[in-house]
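Asks: Structure file model28.cif (mmCIF, C-alpha atoms and all ligand atoms) right here:
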```
data_structure
loop_
_atom_site.label_atom_id
_atom_site.label_comp_id
_atom_site.auth_asym_id
_atom_site.auth_seq_id
_atom_site.Cartn_x
_atom_site.Cartn_y
_atom_site.Cartn_z
CA MET A 53 6.06 24.77 -0.42
CA SER A 54 2.40 24.37 -1.21
CA ALA A 55 0.86 21.25 -2.58
CA GLY A 56 -0.37 22.01 -6.04
CA ALA A 57 -3.23 20.31 -7.72
CA TRP A 58 -0.84 18.10 -9.57
CA ARG A 59 0.36 16.12 -6.64
CA HIS A 60 -0.73 14.36 -3.55
CA SER A 61 0.56 14.70 -0.11
CA MET A 62 1.00 11.28 1.32
CA CYS A 63 2.04 9.96 4.68
CA LEU A 64 4.50 7.16 5.01
CA LYS A 65 1.89 4.83 6.33
CA CYS A 66 -0.29 5.17 3.25
CA PHE A 67 2.72 4.88 1.02
CA ARG A 68 3.68 1.60 2.66
CA LYS A 69 0.16 0.35 2.47
CA ARG A 70 0.06 0.88 -1.26
CA TRP A 71 3.59 -0.01 -2.15
CA PRO A 72 5.11 -2.20 0.56
CA ARG A 73 8.33 -2.61 -1.35
CA ARG A 74 8.76 0.70 -3.06
CA LYS A 75 11.47 3.04 -1.92
CA PHE A 76 10.02 6.18 -0.52
CA TRP A 77 13.09 8.37 -0.26
CA GLY A 78 12.94 9.33 -3.92
CA TRP A 79 9.60 10.97 -3.21
CA GLN A 80 10.45 12.56 0.04
CA LEU A 81 11.45 16.14 0.70
CA PRO A 82 14.56 16.87 2.74
CA GLU A 83 13.61 17.06 6.35
CA LYS A 84 14.09 20.78 6.75
CA LEU A 85 11.77 21.54 3.85
CA ARG A 86 8.94 19.53 5.24
CA SER A 87 5.99 21.02 6.96
CA TRP A 88 2.79 19.68 8.39
CA GLU A 89 0.48 18.50 5.68
CA THR A 90 -2.68 16.57 5.42
CA CYS A 91 -2.40 13.21 3.81
CA CYS A 92 -4.58 12.99 0.72
CA PHE A 93 -5.36 9.41 1.44
CA CYS A 94 -6.14 9.20 5.11
CA SER A 95 -6.48 12.93 5.83
CA LYS A 96 -4.18 12.68 8.80
CA LYS A 97 -1.65 15.33 9.57
CA HIS A 98 1.83 14.15 8.86
CA LYS A 99 5.28 15.46 8.34
CA ASP A 100 6.63 12.72 6.14
CA GLY A 101 7.09 15.03 3.17
CA ILE A 102 6.09 12.53 0.54
CA HIS A 103 4.49 13.91 -2.59
CA MET A 104 3.16 11.76 -5.33
CA LYS A 105 2.49 13.19 -8.72
CA LYS A 106 -0.96 12.72 -10.01
CA ASP A 107 -0.78 10.23 -12.76
CA PRO A 108 -3.72 10.32 -15.13
CA GLN A 109 -2.69 6.89 -16.36
CA SER A 110 -2.94 5.40 -12.95
CA LYS A 111 -6.08 4.83 -11.01
CA GLU A 112 -4.04 4.16 -7.90
CA LEU A 113 -3.45 7.77 -7.20
CA LYS A 114 -6.88 9.07 -6.63
CA CYS A 115 -7.61 11.18 -3.65
CA THR A 116 -9.52 8.97 -1.34
CA ILE A 117 -10.24 10.97 1.70
CA GLN A 118 -12.32 8.70 3.82
CA PRO A 119 -10.91 9.09 7.30
CA GLU A 120 -13.64 7.10 8.99
CA ILE A 121 -12.70 3.83 7.34
CA LEU A 122 -9.09 4.03 8.38
CA PRO A 123 -8.41 2.03 11.50
CA GLU A 124 -5.58 3.42 13.50
ZN ZN B 201 -4.53 14.21 -3.50
ZN ZN B 202 -2.01 8.78 5.02
#
```
Spell out the structure here as structure tokens.
Replies:
Amino acid sequence: MSAGAWRHSMCLKCFRKRWPRRKFWGWQLPEKLRSWETCCFCSKKHKDGIHMKKDPQSKELKCTIQPEILPE
């Protein structure tokens, strides 16, 4: 499965950061379909299998790849 331009790959950590209360399992691929991806938001490699659709209505879901400002 390749990440198309219409969606973001997102790690669980970034998901939680943005939406602390939102359920993530609706967005998550079954474990066996997941592969290593780069998180759009922190550019870390992850295997959390979360894909968010790009929503033109929402400014939340912009690719913000700025790895240097992310404290680990
Ligand atoms: Zn993205
Ligand atoms: Zn991330």
Asks: Could you give me, as a PDB file with C-alpha atoms, in the coordinates of the input, every polymer residue with an atom at most 6 Å away from an atom of ligand ZN 201 (chain B), counting all atoms listed in the file?
Replies:
```pdb
ATOM      1  CA  HIS A  60      -0.730  14.360  -3.550  1.00  0.00           C
ATOM      2  CA  CYS A  92      -4.580  12.990   0.720  1.00  0.00           C
ATOM      3  CA  CYS A 115      -7.610  11.180  -3.650  1.00  0.00           C
TER       4      CYS A 115
END
```
Asks: Using all atoms listed in the file, determine which residues fall within 7 Å of ligand ZN 202 (chain B), then list them as a ChimeraX atom specification.
Replies: /A:62-66,91-96
Asks: CA of Leu85 in chain A and CA of Pro72 in chain A, how far apart in Å?
Replies: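 About the pair CA of Pro72 in chain A and CA of Leu85 in chain A: they are 24.9 Å apart.
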Asks: Please list as a list in words every residue within 8 Å of Gln80 in chain A, counting only C-alpha atoms and excluding residues in the same chain fewer than 2 positions away.
Replies: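 With the cut-off at 8 Å, the set is Phe76, Trp77, Gly78, Pro82, Asp100, Gly101, Ile102 and His103 of chain A.
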Asks: Which residue is closest to Trp88 in chain A? Choose from A:Arg68, A:Lys105, A:Arg74, A:Ser61 and count only C-alpha atoms.
Replies: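 Closest to Trp88 in chain A of all the choices is A:Ser61.
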Asks: Find, counting all atoms listed in the file, the residue in A:Trp71, A:Arg86, A:Trp79, A:His98 that gets nearest to Arg59 in chain A.
Replies: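 Once distances to Arg59 in chain A are computed over all atoms listed in the file, the minimum belongs to A:Trp79.
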